[in-house]
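See below for target20.txt, which holds compact mmCIF, C-alpha atoms.
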```
# COMPACT_ATOMS: atom_id res chain seq x y z
CA MET A 247 30.27 -64.61 63.16
CA LEU A 248 32.98 -65.25 60.57
CA SER A 249 35.30 -68.23 60.87
CA ASN A 250 38.89 -67.77 59.75
CA ARG A 251 38.36 -70.11 56.81
CA ARG A 252 35.20 -68.36 55.65
CA LEU A 253 36.75 -64.94 56.05
CA SER A 254 39.72 -66.04 53.96
CA VAL A 255 37.48 -67.31 51.16
CA LEU A 256 35.40 -64.13 51.26
CA LEU A 257 38.47 -61.91 50.97
CA VAL A 258 39.86 -63.89 48.04
CA THR A 259 36.49 -63.95 46.27
CA ALA A 260 36.11 -60.21 46.81
CA ILE A 261 39.09 -59.72 44.50
CA THR A 262 36.87 -60.63 41.54
CA PRO A 263 34.33 -57.76 41.70
CA MET A 264 37.18 -55.39 42.47
CA LEU A 265 38.91 -56.53 39.29
CA TRP A 266 35.65 -56.18 37.38
CA GLY A 267 35.41 -52.66 38.76
CA THR A 268 38.53 -51.77 36.76
CA THR A 269 36.80 -52.64 33.48
CA TYR A 270 35.36 -49.15 32.98
CA LEU A 271 38.77 -47.51 33.36
CA VAL A 272 40.47 -50.02 31.04
CA THR A 273 37.68 -49.73 28.45
CA THR A 274 37.71 -45.93 28.31
CA GLU A 275 41.50 -45.55 28.42
CA PHE A 276 42.79 -48.52 26.41
CA LEU A 277 40.13 -49.99 24.11
CA PRO A 278 38.75 -48.72 20.79
CA PRO A 279 35.44 -46.85 21.20
CA HIS A 280 31.99 -48.24 20.39
CA ARG A 281 33.05 -51.90 20.48
CA PRO A 282 31.45 -53.26 23.67
CA LEU A 283 30.51 -56.69 22.28
CA LEU A 284 33.99 -57.12 20.85
CA ALA A 285 35.40 -56.37 24.29
CA ALA A 286 33.05 -58.93 25.86
CA LEU A 287 34.07 -61.50 23.24
CA LEU A 288 37.81 -60.95 23.58
CA ARG A 289 37.69 -61.07 27.37
CA SER A 290 35.90 -64.43 27.40
CA LEU A 291 36.77 -66.70 24.46
CA PRO A 292 40.60 -66.34 24.53
CA ALA A 293 40.60 -66.66 28.33
CA GLY A 294 38.52 -69.84 28.11
CA LEU A 295 40.72 -71.36 25.41
CA LEU A 296 43.79 -70.54 27.52
CA LEU A 297 42.39 -72.31 30.60
CA VAL A 298 41.24 -75.34 28.58
CA ALA A 299 44.69 -75.59 26.99
CA LEU A 300 46.39 -75.39 30.39
CA THR A 301 44.16 -77.98 32.07
CA ARG A 302 43.63 -80.22 29.02
CA VAL A 303 40.34 -81.41 30.48
CA LEU A 304 37.17 -81.54 28.39
CA PRO A 305 33.59 -81.87 29.64
CA ARG A 306 32.08 -85.33 29.98
CA GLY A 307 28.52 -86.54 29.83
CA SER A 308 25.96 -83.97 30.97
CA TRP A 309 28.64 -81.36 31.44
CA TRP A 310 28.69 -80.62 27.72
CA TRP A 311 25.24 -79.06 27.90
CA ARG A 312 25.62 -77.80 31.47
CA ALA A 313 28.78 -75.90 30.53
CA LEU A 314 26.88 -74.38 27.60
CA VAL A 315 23.97 -73.33 29.82
CA LEU A 316 26.20 -71.90 32.55
CA GLY A 317 28.51 -70.19 30.06
CA THR A 318 25.54 -68.59 28.32
CA LEU A 319 24.02 -67.36 31.58
CA ASN A 320 27.17 -66.27 33.42
CA ILE A 321 29.08 -64.87 30.47
CA GLY A 322 27.48 -64.83 27.01
CA ALA A 323 23.93 -63.56 27.62
CA PHE A 324 24.99 -61.59 30.70
CA ASN A 325 27.68 -59.60 28.89
CA ALA A 326 25.47 -58.95 25.85
CA LEU A 327 22.61 -57.64 28.00
CA LEU A 328 25.03 -55.75 30.22
CA PHE A 329 26.49 -53.83 27.30
CA VAL A 330 23.09 -53.14 25.73
CA GLY A 331 21.99 -51.65 29.03
CA ALA A 332 25.24 -49.69 29.34
CA TYR A 333 24.82 -48.23 25.84
CA ARG A 334 21.16 -47.26 26.25
CA LEU A 335 21.38 -46.04 29.85
CA PRO A 336 23.67 -43.77 31.82
CA GLY A 337 26.18 -45.88 33.74
CA GLY A 338 24.60 -44.99 37.06
CA VAL A 339 21.18 -46.27 36.03
CA ALA A 340 22.61 -49.53 34.65
CA ALA A 341 24.68 -50.13 37.80
CA THR A 342 21.72 -49.39 40.08
CA VAL A 343 19.44 -51.80 38.21
CA GLY A 344 22.19 -54.44 38.27
CA ALA A 345 22.59 -54.04 42.02
CA ILE A 346 19.30 -55.89 42.49
CA GLN A 347 21.16 -59.13 41.70
CA PRO A 348 21.83 -60.15 45.35
CA LEU A 349 18.10 -60.04 46.05
CA LEU A 350 17.35 -62.11 42.94
CA VAL A 351 19.99 -64.67 43.94
CA ALA A 352 18.54 -64.92 47.44
CA LEU A 353 15.05 -65.57 46.02
CA LEU A 354 16.32 -68.14 43.50
CA SER A 355 18.41 -69.87 46.18
CA ALA A 356 15.28 -70.26 48.29
CA GLY A 357 13.48 -71.91 45.37
CA LEU A 358 16.26 -73.98 43.75
CA LEU A 359 18.61 -74.68 46.65
CA ARG A 360 16.08 -74.70 49.51
CA GLN A 361 18.08 -72.05 51.36
CA ARG A 362 16.18 -69.93 53.85
CA ILE A 363 15.72 -66.28 52.96
CA SER A 364 15.46 -63.94 55.93
CA LEU A 365 14.03 -60.46 56.27
CA ARG A 366 17.52 -59.30 57.15
CA THR A 367 18.83 -60.53 53.78
CA VAL A 368 16.06 -58.73 51.90
CA LEU A 369 16.62 -55.47 53.77
CA THR A 370 20.39 -55.73 53.32
CA ALA A 371 19.96 -56.30 49.58
CA LEU A 372 17.67 -53.27 49.29
CA ALA A 373 20.17 -51.20 51.27
CA GLY A 374 22.83 -52.28 48.77
CA VAL A 375 20.69 -51.07 45.85
CA PHE A 376 20.11 -47.76 47.63
CA GLY A 377 23.81 -47.36 48.37
CA VAL A 378 24.83 -48.07 44.77
CA GLY A 379 22.18 -45.58 43.62
CA LEU A 380 23.68 -42.85 45.80
CA LEU A 381 27.16 -43.80 44.65
CA VAL A 382 26.65 -43.75 40.89
CA LEU A 383 23.22 -42.33 40.03
CA ARG A 384 22.89 -38.77 38.74
CA ALA A 385 19.87 -36.46 38.95
CA THR A 386 20.07 -35.85 35.19
CA ALA A 387 19.90 -39.56 34.35
CA HIS A 388 17.16 -40.55 31.90
CA LEU A 389 15.41 -43.90 31.63
CA ASP A 390 15.16 -45.91 28.44
CA THR A 391 12.66 -48.79 28.53
CA TRP A 392 14.75 -51.22 26.51
CA GLY A 393 17.86 -50.24 28.38
CA VAL A 394 16.25 -50.86 31.75
CA LEU A 395 14.89 -54.22 30.55
CA ALA A 396 18.35 -55.20 29.26
CA ALA A 397 20.02 -54.25 32.55
CA LEU A 398 17.37 -56.12 34.51
CA GLY A 399 17.68 -59.10 32.15
CA GLY A 400 21.44 -59.14 32.71
CA ALA A 401 20.92 -59.28 36.47
CA VAL A 402 18.37 -62.09 36.07
CA VAL A 403 20.48 -64.34 33.81
CA MET A 404 23.56 -63.85 36.01
CA ALA A 405 21.49 -64.66 39.10
CA PHE A 406 20.30 -67.90 37.49
CA GLY A 407 23.87 -68.68 36.43
CA VAL A 408 25.24 -68.17 39.94
CA VAL A 409 22.58 -70.35 41.58
CA LEU A 410 22.86 -73.12 38.97
CA SER A 411 26.66 -73.05 39.34
CA LYS A 412 26.09 -73.98 42.97
CA ARG A 413 23.41 -76.56 42.18
CA TRP A 414 25.54 -78.27 39.52
CA THR A 415 28.86 -79.11 41.16
CA SER A 416 31.44 -79.96 38.54
CA PRO A 417 33.67 -83.01 39.17
CA ALA A 418 36.43 -81.40 37.11
CA PRO A 419 39.16 -79.07 38.42
CA LEU A 420 38.14 -75.48 39.01
CA LEU A 421 40.21 -73.99 36.18
CA ALA A 422 38.83 -76.51 33.69
CA THR A 423 35.22 -75.75 34.63
CA THR A 424 35.93 -72.03 34.42
CA GLY A 425 37.48 -72.50 31.00
CA TRP A 426 34.46 -74.42 29.71
CA GLN A 427 32.10 -71.64 30.70
CA LEU A 428 34.29 -68.91 29.21
CA VAL A 429 34.56 -70.80 25.92
CA ALA A 430 30.81 -71.45 25.82
CA GLY A 431 30.00 -67.82 26.62
CA GLY A 432 32.52 -66.61 24.04
CA LEU A 433 31.05 -68.85 21.32
CA VAL A 434 27.59 -67.48 22.09
CA LEU A 435 28.94 -63.92 21.80
CA LEU A 436 30.94 -64.55 18.62
CA PRO A 437 28.12 -64.34 16.02
CA VAL A 438 26.34 -61.57 17.94
CA ALA A 439 29.45 -59.40 18.04
CA PHE A 440 30.13 -59.75 14.33
CA LEU A 441 26.50 -59.24 13.29
CA VAL A 442 26.09 -56.13 15.42
CA GLU A 443 29.54 -54.53 15.24
CA GLY A 444 31.09 -56.03 12.13
CA ALA A 445 34.73 -56.99 11.67
CA PRO A 446 37.15 -55.78 14.35
CA PRO A 447 39.25 -52.68 13.64
CA ALA A 448 43.03 -52.57 13.49
CA PHE A 449 44.37 -52.70 17.04
CA THR A 450 47.01 -50.39 18.44
CA ALA A 451 49.59 -51.52 20.98
CA ARG A 452 47.53 -49.74 23.66
CA ASN A 453 44.41 -51.68 22.61
CA LEU A 454 46.30 -54.97 22.83
CA VAL A 455 47.47 -54.17 26.35
CA GLY A 456 43.89 -53.42 27.38
CA TYR A 457 42.51 -56.60 25.85
CA ALA A 458 45.32 -58.66 27.38
CA TYR A 459 44.48 -57.29 30.82
CA LEU A 460 40.76 -58.03 30.43
CA THR A 461 41.49 -61.54 29.10
CA ILE A 462 44.05 -62.68 31.66
CA ILE A 463 43.21 -60.67 34.77
CA GLY A 464 39.61 -59.61 34.21
CA SER A 465 38.42 -63.03 33.05
CA ALA A 466 40.77 -66.00 33.52
CA VAL A 467 41.85 -64.97 37.03
CA ALA A 468 38.66 -63.18 38.08
CA TYR A 469 36.21 -65.90 37.04
CA ALA A 470 38.37 -68.64 38.56
CA LEU A 471 38.30 -66.84 41.91
CA TRP A 472 34.55 -66.20 41.52
CA PHE A 473 33.69 -69.84 40.87
CA ARG A 474 36.05 -70.95 43.64
CA GLY A 475 34.06 -68.78 46.01
CA LEU A 476 30.82 -70.33 44.77
CA ARG A 477 32.15 -73.79 45.60
CA GLU A 478 32.70 -72.88 49.24
CA LEU A 479 30.15 -70.14 49.98
CA THR A 480 26.44 -69.67 49.39
CA PRO A 481 25.41 -67.91 46.16
CA THR A 482 23.91 -65.06 48.19
CA ASP A 483 27.18 -64.47 50.05
CA VAL A 484 29.14 -64.40 46.81
CA THR A 485 26.72 -62.14 44.94
CA PHE A 486 26.67 -59.52 47.67
CA LEU A 487 30.40 -59.12 47.04
CA GLY A 488 29.50 -57.96 43.53
CA LEU A 489 28.47 -54.62 45.05
CA LEU A 490 32.19 -53.89 45.36
CA SER A 491 32.41 -53.44 41.59
CA PRO A 492 30.74 -49.99 41.37
CA VAL A 493 32.62 -48.95 44.51
CA MET A 494 35.94 -49.81 42.83
CA ALA A 495 34.90 -48.15 39.55
CA THR A 496 33.97 -44.93 41.36
CA THR A 497 37.15 -44.96 43.45
CA LEU A 498 39.34 -45.39 40.36
CA GLY A 499 37.47 -42.61 38.59
CA TRP A 500 38.24 -40.35 41.54
CA LEU A 501 41.90 -41.39 41.93
CA VAL A 502 42.97 -41.90 38.31
CA LEU A 503 40.57 -39.87 36.15
CA ASP A 504 40.30 -36.96 38.60
CA GLN A 505 36.52 -37.25 38.77
CA HIS A 506 34.71 -35.28 41.45
CA LEU A 507 33.44 -37.27 44.45
CA THR A 508 30.45 -35.79 46.28
CA VAL A 509 29.37 -36.25 49.87
CA TRP A 510 26.34 -38.26 48.69
CA GLN A 511 28.61 -40.61 46.75
CA ALA A 512 30.78 -41.11 49.81
CA LEU A 513 27.65 -41.86 51.85
CA GLY A 514 26.50 -44.34 49.20
CA GLY A 515 29.85 -46.09 49.34
CA LEU A 516 29.62 -46.40 53.11
CA ILE A 517 26.10 -47.84 52.85
CA VAL A 518 27.30 -50.41 50.31
CA LEU A 519 30.18 -51.45 52.55
CA ALA A 520 27.83 -51.68 55.55
CA ALA A 521 25.47 -53.87 53.52
CA LEU A 522 28.39 -56.14 52.56
CA VAL A 523 29.43 -56.57 56.18
CA SER A 524 25.84 -57.15 57.32
CA ALA A 525 25.32 -59.77 54.61
CA GLN A 526 28.37 -61.78 55.63
CA VAL A 527 28.08 -61.71 59.42
CA ARG A 528 26.05 -64.61 60.77
CA ARG A 529 24.06 -64.50 63.97
CA LYS A 530 24.96 -67.08 66.54
CA VAL A 531 22.34 -69.77 66.97
CA ARG A 532 21.79 -70.28 70.67
CA PRO A 533 21.91 -73.97 71.67
CA THR A 534 18.88 -75.62 73.16
CA PRO A 535 19.07 -75.32 76.98
CA ALA A 536 20.05 -78.58 78.63
CA VAL A 537 17.04 -78.48 80.95
CA GLU A 538 14.77 -78.99 77.97
CA ALA A 539 16.40 -82.28 76.97
CA PRO A 540 14.36 -84.55 79.30
CA ALA A 541 11.14 -82.94 78.22
CA LEU A 542 12.03 -83.37 74.55
CA ALA A 543 13.01 -87.00 75.12
CA ALA A 544 9.73 -87.67 76.90
CA ALA A 545 7.82 -86.05 74.08
CA GLY A 546 9.60 -88.28 71.58
CA GLU A 547 8.53 -91.40 73.43
CA ARG A 548 4.82 -90.59 73.21
```
Let's see the structure in the file written out as structure tokens.
Amino acid sequence: MLSNRRLSVLLVTAITPMLWGTTYLVTTEFLPPHRPLLAALLRSLPAGLLLVALTRVLPRGSWWWRALVLGTLNIGAFNALLFVGAYRLPGGVAATVGAIQPLLVALLSAGLLRQRISLRTVLTALAGVFGVGLLVLRATAHLDTWGVLAALGGAVVMAFGVVLSKRWTSPAPLLATTGWQLVAGGLVLLPVAFLVEGAPPAFTARNLVGYAYLTIIGSAVAYALWFRGLRELTPTDVTFLGLLSPVMATTLGWLVLDQHLTVWQALGGLIVLAALVSAQVRRKVRPTPAVEAPALAAAGER
């Protein structure tokens, strides 16, 4: 069952993947073409610098290297691999491969956080992958080895980043910790973006609006809500919410870009939503019957 507090945190955290689901629309309609790493850079580094400037809190002690590790995993390496996969694969294939992340997080949580992984969690995660596949995968999609490896690598590094974010609890305010990671991830992306894509082009007013949205809403706000959720929920609970991202992207494509929505896509969306609900609902643990108490006490005295 869901407590009111937990339900509230889940709903607020769910805003993040829904915001991330708008990235495709913003990228195609507002940003210059063929600049994915530049987009990743400009949505992370300025957002991080903004949050650090607002909080005026710098890392201390071990958090200098922890912020670098988490920023690389959650933002820098993840975005680089994500865009490599997106460029070498059809979007449906990349999204389907990335949907394996909840299962990876559940496995890593069992190893690093000693959290129990149930058969129900595994089956729900697989149902989520299947639902995303129906939602976004096309019969004409082709597979590229390096693209698949990049998409899988992106899911792996993000899974490690999510679990380590839970294992390493920052003593600093949420916005400060979020800013550190965005700055670290942006600094990792900076040389890669310039080496691969060269100097940025001249921006139009439309481009600036798109980048501003990704920086403020898609990163500063979204990541703060994401890490807030990680502070109060399990990594598996939070990562399952990420399945909302392809659902939002498909819905916006249908509503705004007039893309055709098939019956199979609708079915896939329903499966994803069912997997989300199943992942968040907890079974009640029945209390030990009172009649067993004397027997247990007697056993403890032996």
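A straight line drawn from atom CA of Pro447 of chain A to atom CA of Ile463 of chain A is 22.9 Å long.
Between atom CA of Leu460 of chain A and atom CA of Pro305 of chain A there is a distance of 24.9 Å.
The environment of Val272 of chain A within 12 Å, counting all atoms listed in the file and disregarding residues fewer than 3 places along the same chain, consists of Leu265, Trp266, Gly267, Thr268, Thr269, Glu275, Phe276, Leu277, Pro278, Pro279, Ala285, Arg289, Arg452, Asn453, Leu454, Val455, Gly456, Tyr457, Ala458, Tyr459, Leu460, Thr461, Ile463, Gly464, Ala495, Leu498, Gly499, Val502 and Leu503 of chain A.
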Between segment 434-505 of chain A and segment 254-261 of chain A, at 6 Å or less, what are the per-residue closest atom pairs and their distances in Å? Count only C-alpha atoms, order by chain and rising residue number, and return it as CSV.
```
residue,atom,partner,partner_atom,distance
A:Leu471,CA,A:Thr259,CA,5.5
A:Trp472,CA,A:Thr259,CA,5.6
A:Gly475,CA,A:Thr259,CA,5.4
A:Leu487,CA,A:Ala260,CA,5.8
```
Subject >> Neighbour list for Val351 of chain A as a PyMOL selection string, cut-off 7 Å, only C-alpha atoms, skip fewer than 5 positions in-chain >> reply: chain A and resi 405+409+481-482
**OP:** Measure the distance from atom CA of Arg366 of chain A to atom CA of Gly399 of chain A in Å and round it to one decimal.
**Re:**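 Spanning atom CA of Arg366 of chain A to atom CA of Gly399 of chain A is a straight-line distance of 25.0 Å.
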Original post:
At most 6 Å from (29.3, -78.0, 45.9), file frame, only C-alpha atoms: which residues, as JSON, numbers by chain?
Top reply: {"A": [412, 415, 477]}
Original post:
Which of these residues is nearest to Pro419 of chain A, using only C-alpha atoms: A:Leu513, A:Ala470, A:Leu253, A:Val527?
Top reply: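 The closest residue to Pro419 of chain A is A:Ala470.
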Original post:
Which of these residues is nearest to Gln347 of chain A, using all atoms listed in the file: A:Leu516, A:Leu287, A:Ala397, A:Val303?
Top reply: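 The answer is A:Ala397, which sits nearest to Gln347 of chain A.
Among the candidates A:Leu410, A:Val518, A:Val438, A:Ala512, the one nearest to Phe376 of chain A when counting all atoms listed in the file is A:Val518.
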Original post:
List as JSON, numbers by chain: which residues have an atom within 10 Å of (22.8, -51.1, 53.3), counting all atoms listed in the file?
Top reply: {"A": [369, 370, 371, 372, 373, 374, 375, 376, 377, 378, 514, 515, 516, 517, 518, 519, 520, 521, 522, 523, 524, 525]}
**OP:** Select, from A:Gly431, A:Gly444, A:Thr424, A:Leu479, the residue with the minimum atom-to-atom distance to Leu300 of chain A, counting only C-alpha atoms.
**Re:**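 Checking each of A:Gly431, A:Gly444, A:Thr424, A:Leu479 against Leu300 of chain A, counting only C-alpha atoms, the winner is A:Thr424.
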Subject >> Nearest-residue call for Val343 of chain A, choices A:Val394, A:Leu291, A:Met494, A:Leu435, using all atoms listed in the file >> reply: A:Val394
As JSON: centre and edge lengths in Å, one decimal, of the axis-aligned box holding segment 448-454 of chain A with 8 Å per side:
```
{"center_x": 46.3, "center_y": -52.4, "center_z": 18.6, "size_x": 22.6, "size_y": 21.2, "size_z": 26.2}
```
